[in-house]
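Below is input.tsv, holding TSV, C-alpha atoms.
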```tsv
chain	number	residue	atom	x	y	z
A	1	MET	CA	85.91	24.57	-10.18
A	2	GLY	CA	82.87	23.99	-7.98
A	3	VAL	CA	81.51	27.48	-8.63
A	4	VAL	CA	81.77	27.08	-12.41
A	5	ILE	CA	79.96	23.74	-12.24
A	6	ASP	CA	77.28	25.25	-9.99
A	7	ILE	CA	76.78	28.13	-12.45
A	8	ALA	CA	76.32	25.64	-15.29
A	9	LYS	CA	73.90	23.58	-13.19
A	10	SER	CA	71.96	26.75	-12.37
A	11	TYR	CA	70.91	27.04	-15.99
A	12	ARG	CA	69.05	23.72	-15.57
A	13	ALA	CA	68.01	23.72	-11.90
A	14	PRO	CA	68.63	27.08	-10.19
A	15	ARG	CA	66.51	26.25	-7.12
A	16	ALA	CA	68.42	23.05	-6.38
A	17	VAL	CA	71.78	24.81	-6.67
A	18	LEU	CA	70.68	27.59	-4.30
A	19	ARG	CA	69.40	25.03	-1.79
A	20	HIS	CA	72.76	23.24	-2.01
A	21	ARG	CA	74.69	26.46	-1.47
A	22	LEU	CA	72.48	27.51	1.44
A	23	ALA	CA	72.84	24.07	3.05
A	24	ALA	CA	76.46	24.96	3.83
A	25	GLY	CA	75.14	27.35	6.48
A	26	GLU	CA	75.04	31.11	6.80
A	27	ASN	CA	78.47	32.46	6.01
A	28	GLU	CA	78.53	36.15	5.14
A	29	GLY	CA	82.02	35.70	3.74
A	30	SER	CA	80.73	33.37	1.03
A	31	ALA	CA	77.97	35.85	0.16
A	32	LEU	CA	80.51	38.66	-0.17
A	33	VAL	CA	82.84	36.51	-2.28
A	34	THR	CA	79.93	35.57	-4.55
A	35	LEU	CA	79.04	39.23	-5.03
A	36	ILE	CA	82.62	40.38	-5.62
A	37	LEU	CA	83.19	37.54	-8.09
A	38	ALA	CA	80.04	38.50	-10.01
A	39	CYS	CA	80.95	42.20	-10.02
A	40	GLY	CA	84.52	41.33	-11.01
A	41	LEU	CA	83.33	39.30	-13.98
A	42	ILE	CA	81.04	42.10	-15.09
A	43	PHE	CA	83.95	44.52	-14.76
A	44	VAL	CA	86.09	42.26	-16.96
A	45	ALA	CA	83.20	42.09	-19.43
A	46	GLN	CA	83.54	45.86	-19.92
A	47	TRP	CA	87.13	45.70	-21.19
A	48	PRO	CA	86.43	45.07	-24.92
A	49	ARG	CA	83.77	47.80	-24.96
A	50	LEU	CA	86.06	50.25	-23.19
A	51	SER	CA	88.95	49.46	-25.53
A	52	ARG	CA	86.72	50.12	-28.53
A	53	LEU	CA	85.45	53.36	-26.96
A	54	ALA	CA	89.00	54.53	-26.23
A	55	PHE	CA	90.07	53.77	-29.81
A	56	GLU	CA	87.10	55.54	-31.35
A	57	THR	CA	87.16	58.64	-29.16
A	58	GLY	CA	90.86	58.99	-28.37
A	59	GLN	CA	90.29	58.81	-24.62
A	60	GLU	CA	92.73	57.10	-22.31
A	61	VAL	CA	91.70	53.48	-21.79
A	62	GLN	CA	93.21	53.49	-18.29
A	63	MET	CA	90.91	56.33	-17.23
A	64	LEU	CA	87.87	54.51	-18.58
A	65	MET	CA	88.86	51.26	-16.88
A	66	GLY	CA	89.61	53.04	-13.62
A	67	ALA	CA	86.15	54.59	-13.52
A	68	THR	CA	84.57	51.24	-14.39
A	69	LEU	CA	86.64	49.50	-11.72
A	70	LEU	CA	85.46	52.00	-9.13
A	71	SER	CA	81.85	51.56	-10.11
A	72	TRP	CA	81.73	47.74	-10.37
A	73	LEU	CA	84.01	46.74	-7.50
A	74	PHE	CA	83.26	49.46	-4.96
A	75	ILE	CA	79.94	51.15	-5.67
A	76	MET	CA	77.80	48.37	-7.18
A	77	PRO	CA	78.37	45.94	-4.27
A	78	LEU	CA	76.92	48.60	-1.97
A	79	VAL	CA	73.98	49.03	-4.34
A	80	PHE	CA	73.36	45.28	-4.41
A	81	TYR	CA	73.57	44.99	-0.61
A	82	THR	CA	71.06	47.86	-0.31
A	83	LEU	CA	68.77	46.27	-2.89
A	84	ALA	CA	68.91	42.90	-1.12
A	85	GLY	CA	68.19	44.60	2.20
A	86	GLY	CA	65.17	46.35	0.75
A	87	ILE	CA	63.82	43.12	-0.71
A	88	GLY	CA	64.46	41.36	2.61
A	89	PHE	CA	62.46	44.05	4.36
A	90	VAL	CA	59.57	43.57	1.92
A	91	LEU	CA	59.67	39.78	2.40
A	92	ARG	CA	59.57	40.19	6.18
A	93	ALA	CA	56.65	42.62	5.85
A	94	LEU	CA	54.84	39.97	3.78
A	95	LYS	CA	55.57	37.41	6.53
A	96	ARG	CA	57.81	35.28	4.30
A	97	PRO	CA	60.28	33.04	6.12
A	98	ALA	CA	63.39	34.24	4.23
A	99	THR	CA	66.36	35.44	6.24
A	100	GLY	CA	68.52	38.38	5.25
A	101	PHE	CA	71.35	36.04	4.29
A	102	GLU	CA	69.08	34.01	2.01
A	103	THR	CA	67.79	37.17	0.37
A	104	ARG	CA	71.33	38.37	-0.26
A	105	MET	CA	72.44	35.00	-1.63
A	106	ALA	CA	69.45	34.88	-3.99
A	107	LEU	CA	70.46	38.21	-5.53
A	108	PHE	CA	74.21	37.60	-5.49
A	109	TRP	CA	73.96	34.07	-6.90
A	110	GLY	CA	71.53	35.25	-9.58
A	111	LEU	CA	74.00	37.96	-10.57
A	112	LEU	CA	76.86	35.46	-10.72
A	113	CYS	CA	74.79	33.07	-12.83
A	114	ALA	CA	74.00	35.84	-15.31
A	115	ALA	CA	77.64	37.00	-15.46
A	116	PRO	CA	78.60	34.73	-18.41
A	117	LEU	CA	75.98	36.48	-20.51
A	118	TRP	CA	77.41	39.83	-19.44
A	119	LEU	CA	80.79	38.58	-20.67
A	120	LEU	CA	79.17	37.77	-24.02
A	121	TRP	CA	77.61	41.25	-24.06
A	122	GLY	CA	81.02	42.83	-23.46
A	123	LEU	CA	82.56	40.87	-26.32
A	124	THR	CA	79.68	41.81	-28.61
A	125	ALA	CA	79.94	45.48	-27.66
A	126	GLY	CA	83.70	45.43	-28.18
A	127	PHE	CA	83.89	43.56	-31.46
A	128	VAL	CA	80.58	44.41	-33.15
A	129	GLY	CA	79.98	47.84	-31.65
A	130	PRO	CA	76.69	49.56	-31.00
A	131	GLY	CA	73.74	48.06	-32.81
A	132	ALA	CA	70.99	45.51	-32.75
A	133	ALA	CA	73.24	42.56	-31.84
A	134	THR	CA	74.72	44.33	-28.83
A	135	THR	CA	71.29	45.46	-27.68
A	136	LEU	CA	69.86	41.96	-28.09
A	137	VAL	CA	72.66	40.36	-26.06
A	138	GLY	CA	72.33	43.07	-23.40
A	139	VAL	CA	68.60	42.46	-23.09
A	140	LEU	CA	69.26	38.72	-22.87
A	141	ALA	CA	71.80	39.25	-20.08
A	142	LEU	CA	69.44	41.52	-18.15
A	143	ALA	CA	66.58	39.06	-18.64
A	144	ALA	CA	68.79	36.25	-17.30
A	145	LEU	CA	69.57	38.29	-14.18
A	146	ILE	CA	65.88	39.05	-13.60
A	147	TYR	CA	64.92	35.42	-14.24
A	148	PHE	CA	67.53	33.97	-11.87
A	149	TRP	CA	66.80	36.51	-9.18
A	150	GLY	CA	63.05	35.93	-9.45
A	151	VAL	CA	63.32	32.14	-9.35
A	152	LEU	CA	65.75	32.21	-6.43
A	153	LEU	CA	63.63	34.71	-4.49
A	154	ALA	CA	60.59	32.51	-5.06
A	155	GLU	CA	62.56	29.54	-3.72
A	156	ILE	CA	63.56	31.22	-0.48
A	157	ALA	CA	60.18	32.89	0.00
A	158	ARG	CA	58.29	29.60	-0.24
A	159	LYS	CA	60.51	27.49	1.97
A	160	GLU	CA	59.02	26.09	5.14
A	161	THR	CA	60.04	27.53	8.49
```
Represent the supplied structure as structure tokens.
Amino acid sequence: MGVVIDIAKSYRAPRAVLRHRLAAGENEGSALVTLILACGLIFVAQWPRLSRLAFETGQEVQMLMGATLLSWLFIMPLVFYTLAGGIGFVLRALKRPATGFETRMALFWGLLCAAPLWLLWGLTAGFVGPGAATTLVGVLALAALIYFWGVLLAEIARKET
């Protein structure tokens, strides 16, 4: 229940929540769990859309879900680790005091905080279908991810050494 409460608090004070989570110490296991939880929620968010797609096109829903499972739970975590590593490299080049763990947690926690909006996007795509509403919710979810990631990166980049 602590993670759900922290996600809700992140919509009011994302910097304070990140500081609280980082105060527990560097634990790569917690970073990995945060990332897998976020990717898992985004995978679940795809189910209504995939069900609609399977119904409309006659494709097998299991095949669609299998491909989405592979992408969100196996490939995307590697992409996010690579992205966080690249950003960490840039921060070190700019002489910012952020560690690699902090950089990863900023991205992973931002992704987890935006995941509820991705769930809303999946429901909209599944029940409403393609259109302006689905696009609007998708843009809102992407904007939330960019906002959280930017705010959290700013927090770790400005901390004192």
* Structure fact -> Shortest contact to A:Gly150, candidates A:Leu136, A:Ala106, A:Val33, A:Cys113, atoms counted all atoms listed in the file, goes to A:Ala106
Please build the interface table for stretch 86-141 of chain A against stretch 41-63 of chain A with a cut-off of 12 Å, listing for each qualifying residue the nearest atom pair and the distance in Å to one decimal; count all atoms listed in the file, order rows by chain and increasing number, and write it as CSV.
```
residue,atom,partner,partner_atom,distance
A:Leu111,CA,A:Ile42,CA,9.3
A:Leu112,CA,A:Leu41,CA,8.2
A:Cys113,CA,A:Leu41,CA,10.6
A:Ala114,CA,A:Ile42,CA,9.4
A:Ala115,CA,A:Ile42,CA,6.1
A:Pro116,CA,A:Leu41,CA,7.9
A:Leu117,CA,A:Ala45,CA,9.2
A:Trp118,CA,A:Ile42,CA,6.1
A:Leu119,CA,A:Ala45,CA,4.4
A:Leu120,CA,A:Ala45,CA,7.5
A:Trp121,CA,A:Ala45,CA,7.3
A:Gly122,CA,A:Ala45,CA,4.6
A:Leu123,CA,A:Pro48,CA,5.9
A:Thr124,CA,A:Arg49,CA,8.1
A:Ala125,CA,A:Arg49,CA,5.2
A:Gly126,CA,A:Arg49,CA,4.0
A:Phe127,CA,A:Pro48,CA,7.2
A:Val128,CA,A:Arg49,CA,9.4
A:Gly129,CA,A:Arg49,CA,7.7
A:Pro130,CA,A:Arg49,CA,9.5
A:Thr134,CA,A:Arg49,CA,10.4
A:Gly138,CA,A:Ala45,CA,11.6
A:Ala141,CA,A:Ile42,CA,10.9
```
Would you output that residue set with C-alpha atoms, as a CSV table (one decimal), in the frame of the given file?
```csv
chain,number,residue,atom,x,y,z
A,111,LEU,CA,74.0,38.0,-10.6
A,112,LEU,CA,76.9,35.5,-10.7
A,113,CYS,CA,74.8,33.1,-12.8
A,114,ALA,CA,74.0,35.8,-15.3
A,115,ALA,CA,77.6,37.0,-15.5
A,116,PRO,CA,78.6,34.7,-18.4
A,117,LEU,CA,76.0,36.5,-20.5
A,118,TRP,CA,77.4,39.8,-19.4
A,119,LEU,CA,80.8,38.6,-20.7
A,120,LEU,CA,79.2,37.8,-24.0
A,121,TRP,CA,77.6,41.2,-24.1
A,122,GLY,CA,81.0,42.8,-23.5
A,123,LEU,CA,82.6,40.9,-26.3
A,124,THR,CA,79.7,41.8,-28.6
A,125,ALA,CA,79.9,45.5,-27.7
A,126,GLY,CA,83.7,45.4,-28.2
A,127,PHE,CA,83.9,43.6,-31.5
A,128,VAL,CA,80.6,44.4,-33.2
A,129,GLY,CA,80.0,47.8,-31.6
A,130,PRO,CA,76.7,49.6,-31.0
A,134,THR,CA,74.7,44.3,-28.8
A,138,GLY,CA,72.3,43.1,-23.4
A,141,ALA,CA,71.8,39.2,-20.1
```
* Asked: List as a ChimeraX atom specification: which residues have an atom within 10 Å of (79.2, 27.5, -8.7), counting all atoms listed in the file?
  -> /A:1-10,17-18,21,34,109,112-113
* Asked: Between atom CA of A:Leu69 and atom CA of A:Gly110, what is the distance, to one decimal in Å?
  ->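 Distance reported for this atom pair: 20.9 Å.
Distances here use only C-alpha atoms; by that measure, the residue among A:Arg158, A:Ile36, A:Val151, A:Leu64 closest to A:Arg12 is A:Val151.
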* Asked: In Å, how far is it from atom CA of A:Ile87 to atom CA of A:Phe108?
  -> 12.7 Å
* To do: May I ask for the distance between atom CA of A:Ala23 and atom CA of A:Trp72, given in Å to one decimal place?
  =>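 Result for atom CA of A:Ala23 versus atom CA of A:Trp72: 28.6 Å, one decimal.
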* Nearest-residue call for A:Leu70, choices A:Cys39, A:Leu142, A:Leu153, A:Ala133, using all atoms listed in the file -> A:Cys39
Could you rebuild stretch 16-27 of chain A with all heavy atoms and give me the result as an mmCIF file, in the coordinates of the input?
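Saved to rebuild_4.cif:
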```cif
data_model
loop_
_atom_site.group_PDB
_atom_site.id
_atom_site.type_symbol
_atom_site.label_atom_id
_atom_site.label_comp_id
_atom_site.auth_asym_id
_atom_site.auth_seq_id
_atom_site.Cartn_x
_atom_site.Cartn_y
_atom_site.Cartn_z
ATOM 1 N N ALA A 16 67.639 24.113 -7.029
ATOM 2 C CA ALA A 16 68.420 23.050 -6.380
ATOM 3 C C ALA A 16 69.826 23.537 -6.037
ATOM 4 O O ALA A 16 70.349 23.220 -4.964
ATOM 5 C CB ALA A 16 68.479 21.819 -7.272
ATOM 6 N N VAL A 17 70.424 24.301 -6.923
ATOM 7 C CA VAL A 17 71.780 24.810 -6.670
ATOM 8 C C VAL A 17 71.757 25.784 -5.489
ATOM 9 O O VAL A 17 72.630 25.730 -4.617
ATOM 10 C CB VAL A 17 72.369 25.472 -7.925
ATOM 11 C CG1 VAL A 17 73.703 26.128 -7.620
ATOM 12 C CG2 VAL A 17 72.546 24.435 -9.025
ATOM 13 N N LEU A 18 70.759 26.654 -5.431
ATOM 14 C CA LEU A 18 70.680 27.590 -4.300
ATOM 15 C C LEU A 18 70.472 26.836 -2.993
ATOM 16 O O LEU A 18 71.106 27.154 -1.991
ATOM 17 C CB LEU A 18 69.562 28.610 -4.509
ATOM 18 C CG LEU A 18 69.447 29.641 -3.381
ATOM 19 C CD1 LEU A 18 70.679 30.543 -3.349
ATOM 20 C CD2 LEU A 18 68.186 30.455 -3.518
ATOM 21 N N ARG A 19 69.597 25.833 -3.004
ATOM 22 C CA ARG A 19 69.400 25.030 -1.790
ATOM 23 C C ARG A 19 70.705 24.380 -1.353
ATOM 24 O O ARG A 19 71.027 24.353 -0.170
ATOM 25 C CB ARG A 19 68.321 23.965 -2.018
ATOM 26 C CG ARG A 19 66.914 24.485 -1.936
ATOM 27 C CD ARG A 19 65.898 23.364 -1.872
ATOM 28 N NE ARG A 19 66.013 22.424 -2.965
ATOM 29 C CZ ARG A 19 65.345 22.502 -4.114
ATOM 30 N NH1 ARG A 19 64.502 23.493 -4.310
ATOM 31 N NH2 ARG A 19 65.503 21.594 -5.051
ATOM 32 N N HIS A 20 71.467 23.866 -2.315
ATOM 33 C CA HIS A 20 72.760 23.240 -2.010
ATOM 34 C C HIS A 20 73.734 24.249 -1.409
ATOM 35 O O HIS A 20 74.423 23.961 -0.444
ATOM 36 C CB HIS A 20 73.335 22.622 -3.286
ATOM 37 C CG HIS A 20 74.763 22.201 -3.166
ATOM 38 N ND1 HIS A 20 75.158 21.106 -2.427
ATOM 39 C CD2 HIS A 20 75.892 22.742 -3.668
ATOM 40 C CE1 HIS A 20 76.465 20.990 -2.491
ATOM 41 N NE2 HIS A 20 76.942 21.977 -3.242
ATOM 42 N N ARG A 21 73.768 25.438 -1.976
ATOM 43 C CA ARG A 21 74.690 26.460 -1.470
ATOM 44 C C ARG A 21 74.261 26.973 -0.108
ATOM 45 O O ARG A 21 75.096 27.303 0.722
ATOM 46 C CB ARG A 21 74.829 27.587 -2.482
ATOM 47 C CG ARG A 21 75.465 27.084 -3.792
ATOM 48 C CD ARG A 21 75.932 28.146 -4.697
ATOM 49 N NE ARG A 21 77.151 28.800 -4.290
ATOM 50 C CZ ARG A 21 78.377 28.283 -4.381
ATOM 51 N NH1 ARG A 21 78.544 27.066 -4.806
ATOM 52 N NH2 ARG A 21 79.423 28.992 -4.033
ATOM 53 N N LEU A 22 72.956 27.069 0.131
ATOM 54 C CA LEU A 22 72.480 27.510 1.440
ATOM 55 C C LEU A 22 72.627 26.428 2.502
ATOM 56 O O LEU A 22 72.682 26.743 3.693
ATOM 57 C CB LEU A 22 71.006 27.948 1.346
ATOM 58 C CG LEU A 22 70.739 29.240 0.580
ATOM 59 C CD1 LEU A 22 69.245 29.478 0.448
ATOM 60 C CD2 LEU A 22 71.432 30.421 1.238
ATOM 61 N N ALA A 23 72.692 25.166 2.090
ATOM 62 C CA ALA A 23 72.840 24.070 3.050
ATOM 63 C C ALA A 23 74.182 24.116 3.764
ATOM 64 O O ALA A 23 74.338 23.522 4.831
ATOM 65 C CB ALA A 23 72.669 22.720 2.339
ATOM 66 N N ALA A 24 75.145 24.828 3.202
ATOM 67 C CA ALA A 24 76.460 24.960 3.830
ATOM 68 C C ALA A 24 76.406 25.836 5.078
ATOM 69 O O ALA A 24 77.385 25.912 5.823
ATOM 70 C CB ALA A 24 77.473 25.514 2.841
ATOM 71 N N GLY A 25 75.284 26.496 5.305
ATOM 72 C CA GLY A 25 75.140 27.350 6.480
ATOM 73 C C GLY A 25 75.329 28.817 6.116
ATOM 74 O O GLY A 25 75.815 29.153 5.030
ATOM 75 N N GLU A 26 74.924 29.670 7.039
ATOM 76 C CA GLU A 26 75.040 31.110 6.800
ATOM 77 C C GLU A 26 76.477 31.546 7.030
ATOM 78 O O GLU A 26 76.986 31.479 8.135
ATOM 79 C CB GLU A 26 74.086 31.873 7.719
ATOM 80 C CG GLU A 26 72.649 31.691 7.355
ATOM 81 C CD GLU A 26 71.738 32.698 8.026
ATOM 82 O OE1 GLU A 26 72.241 33.697 8.567
ATOM 83 O OE2 GLU A 26 70.535 32.468 7.993
ATOM 84 N N ASN A 27 77.093 31.992 5.971
ATOM 85 C CA ASN A 27 78.470 32.460 6.010
ATOM 86 C C ASN A 27 78.516 33.740 5.175
ATOM 87 O O ASN A 27 78.502 33.677 3.945
ATOM 88 C CB ASN A 27 79.404 31.386 5.451
ATOM 89 C CG ASN A 27 80.847 31.814 5.488
ATOM 90 O OD1 ASN A 27 81.171 32.918 5.898
ATOM 91 N ND2 ASN A 27 81.722 30.945 5.042
#
```
